[in-house]
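Engineer: Structure supplied as coords-v7.cif; contents: mmCIF, C-alpha atoms and all ligand atoms.
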data_query
loop_
_atom_site.label_atom_id
_atom_site.label_comp_id
_atom_site.auth_asym_id
_atom_site.auth_seq_id
_atom_site.Cartn_x
_atom_site.Cartn_y
_atom_site.Cartn_z
CA MET A 1 68.76 42.46 25.67
CA ASN A 2 66.75 43.28 22.59
CA GLY A 3 67.55 40.64 19.96
CA SER A 4 68.81 38.47 22.87
CA VAL A 5 72.46 39.27 22.14
CA ASN A 6 74.37 39.67 25.38
CA VAL A 7 77.27 42.10 25.10
CA SER A 8 78.60 41.87 28.65
CA ALA A 9 81.85 40.02 27.84
CA GLY A 10 84.95 42.19 27.75
CA ARG A 11 86.50 44.29 30.49
CA SER A 12 83.90 45.01 33.16
CA TYR A 13 83.55 48.48 34.64
CA LEU A 14 82.90 48.99 38.35
CA ALA A 15 81.38 52.47 38.54
CA ILE A 16 80.46 52.37 42.24
CA PRO A 17 81.67 55.07 44.64
CA GLY A 18 84.44 52.96 46.07
CA PRO A 19 86.24 50.73 45.81
CA SER A 20 87.15 52.44 42.57
CA VAL A 21 88.82 51.22 39.38
CA ILE A 22 92.35 50.01 40.19
CA PRO A 23 94.97 51.12 37.63
CA ASP A 24 97.03 48.38 35.99
CA GLN A 25 100.17 50.10 37.32
CA VAL A 26 98.89 49.60 40.88
CA LEU A 27 97.93 45.98 40.29
CA GLN A 28 101.30 45.26 38.67
CA ALA A 29 103.18 46.90 41.53
CA MET A 30 101.36 44.62 43.96
CA HIS A 31 101.98 41.47 41.96
CA ARG A 32 105.20 40.27 43.59
CA ALA A 33 106.57 37.94 46.24
CA SER A 34 106.42 39.07 49.86
CA PRO A 35 109.29 41.42 50.61
CA ASN A 36 111.53 41.41 53.67
CA ILE A 37 109.84 43.53 56.34
CA TYR A 38 112.99 44.09 58.41
CA ALA A 39 115.35 45.80 56.00
CA GLY A 40 115.85 46.77 52.39
CA GLU A 41 113.57 48.01 49.65
CA LEU A 42 110.23 47.96 51.48
CA VAL A 43 111.59 49.86 54.46
CA GLU A 44 113.18 52.50 52.27
CA MET A 45 110.16 52.77 49.99
CA THR A 46 107.70 53.21 52.86
CA ALA A 47 109.50 56.35 54.04
CA THR A 48 108.92 57.89 50.60
CA LEU A 49 105.15 57.49 50.93
CA ILE A 50 104.83 59.98 53.76
CA PRO A 51 105.88 63.19 51.95
CA ASP A 52 103.87 62.16 48.91
CA LEU A 53 100.74 61.55 51.02
CA ARG A 54 101.26 64.99 52.58
CA ARG A 55 101.29 66.51 49.09
CA VAL A 56 97.92 64.91 48.33
CA ALA A 57 96.42 66.21 51.59
CA ARG A 58 98.16 69.59 51.20
CA THR A 59 99.67 69.45 54.64
CA GLN A 60 103.07 69.77 56.28
CA HIS A 61 101.89 67.78 59.27
CA GLU A 62 101.92 64.22 60.58
CA VAL A 63 100.72 61.04 58.84
CA ALA A 64 99.68 57.78 60.52
CA ILE A 65 98.74 54.71 58.46
CA TYR A 66 96.53 51.87 59.72
CA ILE A 67 95.71 48.50 58.20
CA ALA A 68 92.05 49.45 58.12
CA ASN A 69 89.18 50.74 56.04
CA GLY A 70 87.55 54.13 56.47
CA HIS A 71 85.81 53.03 59.66
CA GLY A 72 89.25 52.29 61.11
CA ALA A 73 90.48 55.76 60.17
CA TRP A 74 87.37 57.24 61.86
CA GLU A 75 88.13 55.21 64.99
CA ALA A 76 91.80 56.24 64.97
CA ALA A 77 90.96 59.94 64.80
CA LEU A 78 88.49 59.62 67.69
CA GLN A 79 90.74 57.43 69.86
CA ASN A 80 93.60 59.92 69.67
CA THR A 81 91.66 63.05 70.52
CA LEU A 82 88.68 62.21 72.74
CA GLN A 83 87.75 60.36 75.90
CA PRO A 84 84.44 59.09 77.25
CA GLY A 85 82.24 61.99 78.36
CA ASP A 86 83.71 64.43 75.82
CA ARG A 87 81.29 66.04 73.38
CA VAL A 88 81.50 66.47 69.60
CA LEU A 89 79.46 68.50 67.14
CA VAL A 90 78.50 66.66 63.96
CA PRO A 91 76.92 68.64 61.12
CA SER A 92 75.58 65.97 58.77
CA SER A 93 74.50 65.92 55.13
CA GLY A 94 74.08 62.19 54.71
CA ARG A 95 74.63 58.72 56.07
CA PHE A 96 78.38 59.02 56.63
CA GLY A 97 78.12 62.03 58.94
CA ILE A 98 75.73 60.01 61.08
CA GLY A 99 78.04 56.98 60.83
CA TRP A 100 81.04 58.87 62.21
CA ALA A 101 78.86 60.20 65.05
CA GLU A 102 77.79 56.62 65.85
CA MET A 103 81.45 55.57 66.05
CA ALA A 104 82.01 58.35 68.59
CA GLN A 105 78.96 57.24 70.59
CA GLY A 106 80.45 53.74 70.72
CA LEU A 107 83.46 55.22 72.51
CA GLY A 108 81.29 56.96 75.10
CA VAL A 109 81.54 60.36 73.43
CA GLU A 110 78.41 62.54 73.50
CA THR A 111 77.30 63.74 70.08
CA ASP A 112 75.40 66.88 69.11
CA ILE A 113 74.20 65.93 65.65
CA LEU A 114 72.95 68.73 63.40
CA ASP A 115 71.16 66.63 60.81
CA PHE A 116 70.58 68.58 57.60
CA GLY A 117 69.13 65.54 55.88
CA ASN A 118 70.14 63.96 52.57
CA HIS A 119 69.60 66.90 50.27
CA ALA A 120 70.91 70.01 52.02
CA PRO A 121 74.40 71.27 52.85
CA TRP A 122 75.46 72.41 56.31
CA ASP A 123 73.55 75.43 57.55
CA MET A 124 76.41 77.60 58.77
CA ASP A 125 74.09 79.78 60.86
CA ARG A 126 72.88 76.80 62.87
CA ILE A 127 76.47 75.61 63.31
CA ALA A 128 77.51 79.09 64.50
CA GLU A 129 74.59 79.07 66.97
CA ALA A 130 75.63 75.67 68.35
CA LEU A 131 79.22 76.85 68.80
CA ALA A 132 78.15 80.12 70.43
CA ALA A 133 75.83 78.25 72.80
CA ASP A 134 78.74 76.10 74.01
CA THR A 135 80.14 78.77 76.31
CA GLY A 136 81.86 76.16 78.49
CA HIS A 137 83.68 74.69 75.48
CA ARG A 138 82.45 71.18 76.14
CA ILE A 139 82.59 70.47 72.42
CA LYS A 140 86.08 69.09 71.83
CA ALA A 141 85.83 68.41 68.11
CA VAL A 142 83.66 69.04 65.06
CA LEU A 143 83.33 65.94 62.86
CA ALA A 144 82.89 67.07 59.27
CA VAL A 145 82.42 64.80 56.26
CA HIS A 146 83.73 66.73 53.26
CA ALA A 147 81.84 64.84 50.53
CA ASP A 148 79.13 62.55 51.86
CA THR A 149 79.15 59.54 49.56
CA SER A 150 75.51 58.67 50.28
CA SER A 151 74.01 62.01 49.25
CA SER A 152 76.89 63.25 47.05
CA ILE A 153 76.73 66.62 48.81
CA ARG A 154 80.09 68.38 49.10
CA ASN A 155 80.29 70.68 52.08
CA ASP A 156 82.44 73.74 52.72
CA VAL A 157 85.10 72.68 55.22
CA ALA A 158 86.91 76.04 55.07
CA ALA A 159 83.66 77.77 56.13
CA LEU A 160 83.58 75.55 59.19
CA ARG A 161 87.03 76.76 60.21
CA ARG A 162 85.86 80.35 59.77
CA ALA A 163 82.83 79.60 61.99
CA LEU A 164 85.05 78.11 64.70
CA ASP A 165 87.40 81.09 64.57
CA ALA A 166 84.54 83.60 64.57
CA ALA A 167 83.11 81.93 67.67
CA GLY A 168 86.56 81.82 69.29
CA HIS A 169 85.89 78.12 69.81
CA PRO A 170 88.89 75.82 70.45
CA ALA A 171 87.29 72.55 69.19
CA LEU A 172 89.40 70.51 66.78
CA LEU A 173 88.21 70.52 63.18
CA MET A 174 88.26 66.92 61.94
CA ALA A 175 87.48 66.23 58.27
CA ASP A 176 86.47 62.95 56.62
CA CYS A 177 87.97 63.03 53.12
CA ILE A 178 87.39 59.35 52.44
CA ALA A 179 85.36 60.10 49.32
CA SER A 180 86.97 63.39 48.34
CA LEU A 181 90.75 63.01 48.68
CA GLY A 182 92.39 62.94 45.28
CA CYS A 183 89.09 63.97 43.64
CA ASP A 184 87.84 67.27 45.04
CA ARG A 185 90.08 70.15 46.04
CA PHE A 186 91.05 69.81 49.67
CA GLU A 187 93.62 71.98 51.48
CA MET A 188 94.27 70.61 54.96
CA ASP A 189 96.58 73.36 56.18
CA GLY A 190 95.10 76.15 54.06
CA TRP A 191 91.62 75.43 55.40
CA GLY A 192 92.74 75.04 59.02
CA VAL A 193 91.85 71.36 59.39
CA ASP A 194 93.38 69.74 62.49
CA VAL A 195 92.71 66.08 61.67
CA MET A 196 91.89 64.51 58.32
CA VAL A 197 90.94 60.88 57.75
CA THR A 198 90.93 59.00 54.49
CA ALA A 199 91.13 55.49 53.07
CA CYS A 200 92.97 54.17 50.05
CA GLN A 201 90.19 52.60 47.97
CA LYS A 202 88.68 55.65 46.30
CA GLY A 203 90.68 58.62 44.99
CA LEU A 204 93.92 56.89 45.97
CA MET A 205 93.08 53.98 43.62
CA VAL A 206 94.43 51.13 45.83
CA PRO A 207 92.43 48.06 46.94
CA ALA A 208 90.70 48.65 50.30
CA GLY A 209 92.94 48.10 53.31
CA LEU A 210 94.71 51.32 54.34
CA GLY A 211 93.16 53.93 56.61
CA ILE A 212 95.23 57.11 56.77
CA VAL A 213 95.05 59.86 59.38
CA PHE A 214 96.73 63.26 59.07
CA PHE A 215 97.05 65.43 62.17
CA ASN A 216 98.58 68.75 63.13
CA ALA A 217 100.27 70.02 66.31
CA ARG A 218 96.97 71.00 67.99
CA ALA A 219 95.65 67.48 67.52
CA ALA A 220 98.93 65.98 68.71
CA GLU A 221 98.57 68.10 71.85
CA ALA A 222 95.03 66.74 72.43
CA ARG A 223 96.45 63.21 72.14
CA ARG A 224 99.16 63.97 74.70
CA ALA A 225 96.55 65.34 77.14
CA LEU A 226 94.61 62.04 77.19
CA PRO A 227 95.01 60.00 80.39
CA ARG A 228 95.56 56.82 78.39
CA ILE A 229 95.50 55.60 74.82
CA SER A 230 95.16 52.22 73.17
CA ARG A 231 98.60 51.04 72.05
CA TYR A 232 97.19 49.89 68.75
CA TRP A 233 95.39 53.12 67.81
CA ASP A 234 98.06 55.50 69.14
CA TRP A 235 99.11 57.63 66.18
CA GLU A 236 102.33 58.90 67.78
CA PRO A 237 104.63 55.89 67.07
CA ARG A 238 103.05 55.42 63.62
CA ALA A 239 103.85 59.02 62.69
CA ASN A 240 107.31 59.01 64.29
CA PRO A 241 108.50 55.39 64.26
CA GLU A 242 111.82 54.47 65.78
CA GLU A 243 111.50 50.96 64.35
CA PHE A 244 109.89 50.03 61.04
CA TYR A 245 107.14 47.89 62.60
CA GLN A 246 105.85 50.95 64.48
CA TYR A 247 104.59 52.52 61.25
CA PHE A 248 101.82 49.92 61.30
CA GLY A 249 101.70 48.72 64.91
CA GLY A 250 102.95 45.32 63.66
CA THR A 251 103.48 43.63 60.30
CA ALA A 252 103.39 46.07 57.39
CA PRO A 253 100.64 45.87 54.74
CA THR A 254 103.41 45.02 52.30
CA HIS A 255 101.57 44.81 48.99
CA HIS A 256 99.28 47.71 49.68
CA LEU A 257 102.35 49.86 50.21
CA TYR A 258 103.69 48.97 46.77
CA GLY A 259 100.27 49.69 45.31
CA LEU A 260 100.11 53.02 47.10
CA ARG A 261 103.60 53.91 45.84
CA ALA A 262 102.46 53.34 42.25
CA ALA A 263 99.24 55.30 42.80
CA LEU A 264 101.05 58.27 44.32
CA ASP A 265 103.49 58.25 41.41
CA MET A 266 100.54 58.49 39.02
CA ILE A 267 98.82 61.24 41.02
CA HIS A 268 101.91 63.40 41.30
CA ALA A 269 102.94 62.84 37.68
CA GLU A 270 99.53 64.25 36.73
CA GLY A 271 99.67 66.96 39.42
CA MET A 272 97.11 67.69 42.13
CA GLU A 273 95.59 70.66 40.31
CA ALA A 274 95.24 68.56 37.15
CA VAL A 275 93.72 65.65 39.11
CA TRP A 276 91.11 67.97 40.61
CA ALA A 277 90.42 69.63 37.25
CA ARG A 278 89.95 66.22 35.60
CA HIS A 279 87.42 65.14 38.21
CA ALA A 280 85.55 68.44 37.92
CA HIS A 281 85.43 68.25 34.12
CA LEU A 282 84.24 64.62 34.11
CA ALA A 283 81.64 65.44 36.76
CA ARG A 284 80.25 68.24 34.60
CA ALA A 285 79.79 65.77 31.73
CA ILE A 286 77.90 63.40 34.05
CA TRP A 287 75.72 66.23 35.36
CA ALA A 288 74.94 67.41 31.83
CA ALA A 289 73.70 63.93 30.92
CA CYS A 290 71.73 63.44 34.14
CA GLU A 291 70.09 66.84 33.85
CA ALA A 292 69.08 66.05 30.25
CA TRP A 293 67.63 62.64 31.19
CA GLY A 294 65.78 64.27 34.08
CA ALA A 295 64.09 66.82 31.79
CA ASP A 296 61.51 64.11 31.09
CA GLY A 297 60.68 60.96 33.06
CA PRO A 298 61.51 59.94 36.63
CA LEU A 299 65.31 60.38 36.93
CA ARG A 300 66.42 63.12 39.33
CA MET A 301 69.76 64.17 40.74
CA ASN A 302 69.89 64.21 44.52
CA VAL A 303 71.70 67.56 44.67
CA PRO A 304 70.05 70.21 42.49
CA ASP A 305 72.73 72.87 43.06
CA ARG A 306 75.89 72.22 41.02
CA ALA A 307 78.03 74.15 43.50
CA LEU A 308 77.17 71.63 46.21
CA ARG A 309 77.90 68.47 44.23
CA SER A 310 80.85 66.17 44.84
CA HIS A 311 83.12 65.64 41.84
CA ALA A 312 83.62 61.99 42.84
CA VAL A 313 80.13 60.55 43.26
CA THR A 314 76.64 61.34 41.98
CA ALA A 315 73.52 60.19 43.83
CA LEU A 316 70.33 59.75 41.80
CA ARG A 317 66.75 58.67 42.31
CA ILE A 318 64.52 57.15 39.68
CA GLY A 319 61.69 55.54 41.66
CA SER A 320 61.25 51.96 42.82
CA PRO A 321 61.89 49.40 41.42
CA LEU A 322 63.58 51.13 38.49
CA GLY A 323 66.86 51.86 40.29
CA THR A 324 67.54 48.22 41.02
CA GLU A 325 66.22 47.10 37.62
CA LEU A 326 68.54 49.51 35.84
CA ARG A 327 71.57 48.44 37.89
CA MET A 328 70.85 44.75 37.35
CA TRP A 329 70.25 45.20 33.63
CA LEU A 330 73.50 47.10 33.12
CA GLU A 331 75.54 44.57 35.04
CA GLN A 332 74.04 41.55 33.34
CA ASN A 333 73.90 42.93 29.84
CA LEU A 334 76.73 45.43 29.51
CA GLY A 335 79.24 44.48 32.20
CA LEU A 336 78.71 47.86 33.87
CA THR A 337 78.12 48.03 37.64
CA LEU A 338 76.53 51.11 39.23
CA GLY A 339 76.39 51.81 42.97
CA ILE A 340 73.38 51.10 45.14
CA GLY A 341 71.59 53.99 46.84
CA LEU A 342 72.70 54.51 50.42
CA GLY A 343 70.85 56.08 53.31
CA MET A 344 67.90 57.15 51.20
CA ALA A 345 65.44 54.43 52.23
CA PRO A 346 65.57 51.53 54.71
CA PRO A 347 67.45 48.60 53.09
CA ARG A 348 64.57 46.14 53.07
CA SER A 349 61.83 48.59 52.16
CA PRO A 350 60.36 48.72 48.62
CA ASP A 351 61.56 52.32 48.27
CA TRP A 352 65.18 51.15 48.56
CA HIS A 353 65.02 50.07 44.92
CA GLY A 354 64.45 53.61 43.71
CA PHE A 355 67.98 54.95 44.17
CA PHE A 356 71.44 54.46 42.70
CA ARG A 357 74.81 56.19 42.59
CA LEU A 358 77.60 56.70 40.10
CA GLY A 359 81.21 56.53 41.24
CA HIS A 360 83.59 58.70 39.21
CA MET A 361 86.62 58.79 41.48
CA GLY A 362 90.26 58.04 40.86
CA HIS A 363 91.32 56.24 37.71
CA VAL A 364 88.63 57.52 35.34
CA ASN A 365 88.92 59.39 32.08
CA GLY A 366 86.72 60.81 29.35
CA HIS A 367 86.07 57.65 27.38
CA MET A 368 85.19 55.73 30.53
CA ILE A 369 82.66 58.38 31.54
CA MET A 370 81.16 58.40 28.03
CA GLY A 371 80.95 54.60 28.29
CA LEU A 372 79.25 54.88 31.67
CA LEU A 373 76.73 57.40 30.33
CA GLY A 374 76.20 55.50 27.09
CA GLY A 375 75.54 52.39 29.16
CA ILE A 376 72.92 54.16 31.24
CA GLU A 377 71.24 55.56 28.12
CA THR A 378 71.14 52.02 26.71
CA GLY A 379 69.60 50.66 29.91
CA LEU A 380 66.96 53.39 30.01
CA ARG A 381 65.95 52.49 26.46
CA ALA A 382 66.02 48.72 27.01
CA LEU A 383 63.84 49.01 30.11
CA ASP A 384 61.51 51.55 28.50
CA ILE A 385 62.14 54.08 31.24
CA PRO A 386 61.03 57.52 30.04
CA HIS A 387 63.91 59.98 29.87
CA GLY A 388 64.84 63.30 28.33
CA LYS A 389 66.64 63.32 25.00
CA GLY A 390 70.10 64.57 24.14
CA ALA A 391 71.93 63.40 27.26
CA LEU A 392 74.94 61.93 25.46
CA ALA A 393 75.24 64.95 23.20
CA ALA A 394 75.11 67.19 26.29
CA ALA A 395 77.85 65.13 27.98
CA ALA A 396 80.00 65.19 24.83
CA ALA A 397 79.57 68.94 24.61
CA ALA A 398 80.61 69.34 28.25
CA LEU A 399 83.68 67.17 27.71
CA ALA A 400 84.58 68.92 24.48
CA GLY A 401 84.33 72.20 26.33
CA ALA A 402 81.56 73.45 24.03
C1 LIG A 501 82.65 59.60 53.21
C2 LIG A 501 82.87 58.23 53.76
N1 LIG A 501 83.20 58.07 55.06
C3 LIG A 501 83.42 56.85 55.58
C4 LIG A 501 83.31 55.70 54.83
C5 LIG A 501 83.56 54.38 55.46
O1 LIG A 501 84.65 53.79 54.84
P1 LIG A 501 84.84 52.20 54.80
O2 LIG A 501 83.65 51.64 54.10
O3 LIG A 501 86.12 52.03 54.04
O4 LIG A 501 84.95 51.74 56.20
C6 LIG A 501 82.98 55.81 53.49
C7 LIG A 501 82.82 54.61 52.64
O5 LIG A 501 82.26 54.63 51.58
C8 LIG A 501 82.76 57.10 52.93
O6 LIG A 501 82.44 57.24 51.65
#
Using structure tokens, write down the structure that the file contains.
Structural biologist:
Amino acid sequence: MNGSVNVSAGRSYLAIPGPSVIPDQVLQAMHRASPNIYAGELVEMTATLIPDLRRVARTQHEVAIYIANGHGAWEAALQNTLQPGDRVLVPSSGRFGIGWAEMAQGLGVETDILDFGNHAPWDMDRIAEALAADTGHRIKAVLAVHADTSSSIRNDVAALRRALDAAGHPALLMADCIASLGCDRFEMDGWGVDVMVTACQKGLMVPAGLGIVFFNARAAEARRALPRISRYWDWEPRANPEEFYQYFGGTAPTHHLYGLRAALDMIHAEGMEAVWARHAHLARAIWAACEAWGADGPLRMNVPDRALRSHAVTALRIGSPLGTELRMWLEQNLGLTLGIGLGMAPPRSPDWHGFFRLGHMGHVNGHMIMGLLGGIETGLRALDIPHGKGALAAAAAALAGA
């Protein structure tokens, strides 16, 4: 740092798009001795998580919890609805759409991938064409990533339901809300989503380790029509356990459950509408700064159209090697960690170093976002990266509502 004074000591800030910042309340709730898993407080507390998870997902339907990350939740949704030889349609706006399709391929499911690249949203006309062309209804499910964390594009899940209905197509609508739940508005029942998958380490503010699957009666019917199902992945006993161990197919993730309880208390004390409004308002401050920086110099937002941007993550490009240099400088000098770019260039290619992402999901507020943006402005100056002026003022104005 200029003047060789390092100012990285102090509380560090992990501003990557998951895992997100863990609230002290969550950490404190997890800091305890192992509870009894056969009776008592843990058993009673776990039952209270289910209705509160439903309120986050805006659903009246079933909830199954897995000791897993997001990949595990993907796998669970596929295992309970599909069998080898079935076909799925996957409209993709980034790396995670492709990733879910690859999981399906691993299970012997055929995938029709509509790849809209890393910069564009779903083309609803092409999706409608693909559904109309499937006159034999071979497509059993549409796999839809709500906010793709690699590109930061947020797609219109409700429009997908309208397309399915307009085509009279019976495929299940399955949504990946791993990056969006608890950040961007999502209405499982209101939007006609049959299966929704999420994980606890982003908007739910808990350390990675819980994959959560929500499913409605149509999806439950698809599960019952399968000739066989893996005992471990079967969502039925997890959603309707007769014994406590069935919630988790074995030993409960004890401490994660206490953490999740604390996180859900925080989310519902704030209120879902307020949580979404906070994320939207903070995102607008970030966009204002990024747009100002981008007015001069190499920084560009990946998604030009504000209406298509996630409120939880922002993908940027700045040219190689500046992306990596900026990330390294901020971590080493300010104690601020930004996310790597994902899916924009092959990992070992020189271009890989030209991208980065900002995570702004979960436990984030106005002063943290101003700290994040102030940090980036400092890094741009320290590294002599040309950038437009007035970014922090623009962000402050957006936050102040000016
Ligand atoms: C949209 C989306 N889907 C799926 C995943 C995979 O989740 P995990 O890394 O927890 O397995 C992620 C992770 O970042 C994600 O952002």
Engineer: Within 9 Å of ligand LIG 501 (chain A), counting all atoms listed in the file: which residues, as a PyMOL selection string?
Structural biologist: chain A and resi 17-19+68-74+95-97+99-100+145-150+176-180+197-202+208-211
Engineer: Go through A:Gln332, A:Met205, A:Val43, A:Gly182 and flag the residue nearest Asn6 in chain A, using all atoms listed in the file for the distances.
Structural biologist: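 When distances to Asn6 in chain A are compared using all atoms listed in the file, the smallest one comes from A:Gln332.
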Engineer: Counting all atoms listed in the file, find the residues whose atoms lie at most 8 Å from (66.5, 61.9, 30.3) (file coordinates) and write them out as number ranges by chain.
Structural biologist: A: 289-297, 299, 386-391
Engineer: Please give the centre and size of the box around range 71-81 of chain A (axis-aligned, containing every atom listed in the file, 5 Å added per side), with values in Å to one decimal and written as JSON.
Structural biologist:
{"center_x": 89.7, "center_y": 57.7, "center_z": 65.1, "size_x": 17.8, "size_y": 20.8, "size_z": 20.9}
Engineer: When you look at range 252-255 of chain A with a cut-off of 12 Å (counting only C-alpha atoms), what residues show up, excluding the ones that are within fewer than 2 positions of it in the same chain? I need them as a PyMOL selection string.
Structural biologist: chain A and resi 26-38+41-43+45-46+65-68+206-211+238+243-250+257-262
Engineer: Would you kindly return, as JSON, numbers by chain, each protein, DNA or RNA residue with an atom no farther than 10 Å from any atom of Ile153 in chain A, considering all atoms listed in the file and excluding same-chain residues fewer than 5 positions away?
Structural biologist: {"A": [93, 94, 118, 119, 120, 121, 122, 145, 146, 147, 148, 302, 303, 304, 305, 306, 307, 308, 309, 310, 311, 313, 314, 315]}
Engineer: For CA of Leu14 in chain A and CA of Leu380 in chain A, quote the distance in Å rounded to one decimal.
Structural biologist: 18.5 Å
Engineer: For the atom pair CA of Ile139 in chain A and CA of Ala167 in chain A, what is the interatomic distance in Å to one decimal place?
Structural biologist: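 Value for the CA of Ile139 in chain A-CA of Ala167 in chain A distance: 12.4 Å.
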Engineer: So what do you get for CA of Ala393 in chain A versus CA of Leu372 in chain A, distance-wise?
Structural biologist: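 So the two atoms, CA of Ala393 in chain A and CA of Leu372 in chain A, lie 13.8 Å apart.
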Engineer: Given the choices A:His279, A:Arg381, A:His268, A:Lys140, which gets closest to Ala57 in chain A if the distance is worked out from all atoms listed in the file?
Structural biologist: A:His268
Engineer: From the list A:Pro350, A:Gly108, A:Pro51, A:Pro298, which residue is nearest Asp86 in chain A when using only C-alpha atoms?
Structural biologist: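 Of A:Pro350, A:Gly108, A:Pro51, A:Pro298, the one nearest Asp86 in chain A, counting only C-alpha atoms, is A:Gly108.
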Engineer: Smallest atom-to-atom distance to His61 in chain A: which of A:Gly10, A:Gly117, A:Gly192, A:Gly401, using all atoms listed in the file?
Structural biologist: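 Looking only at the distances to His61 in chain A, the closest residue turns out to be A:Gly192.
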Engineer: Can you tell me, as a ChimeraX atom specification, what residues are no more than 12 Å from Ala128 in chain A when counting only C-alpha atoms, ignoring any on the same chain fewer than 6 positions away?
Structural biologist: /A:89,91,114,122,134,142,159-169
Engineer: Give the answer as one residue: which of A:Arg223, A:Arg55, A:Arg138, A:Arg11 has the shortest atom-to-atom distance to Asn80 in chain A, using all atoms listed in the file?
Structural biologist: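 For Asn80 in chain A, the nearest of the candidates is A:Arg223.
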Engineer: May I have the residues within 10 Å of Ser12 in chain A as a ChimeraX atom specification, using only C-alpha atoms and disregarding those fewer than 6 positions away in the same chain?
Structural biologist: /A:331,334-337
Engineer: Measuring between all atoms listed in the file, which one of A:Thr324, A:Ala288, A:Leu181, A:Pro347 shows the shortest distance to Met370 in chain A?
Structural biologist: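 The closest residue to Met370 in chain A is A:Ala288.
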Engineer: Which residues, written as a ChimeraX atom specification, have at least one atom at most 10 Å from Gln60 in chain A, with all atoms listed in the file counted and residues fewer than 5 positions away on the same chain left out?
Structural biologist: /A:51,54-55,188-189,214-216
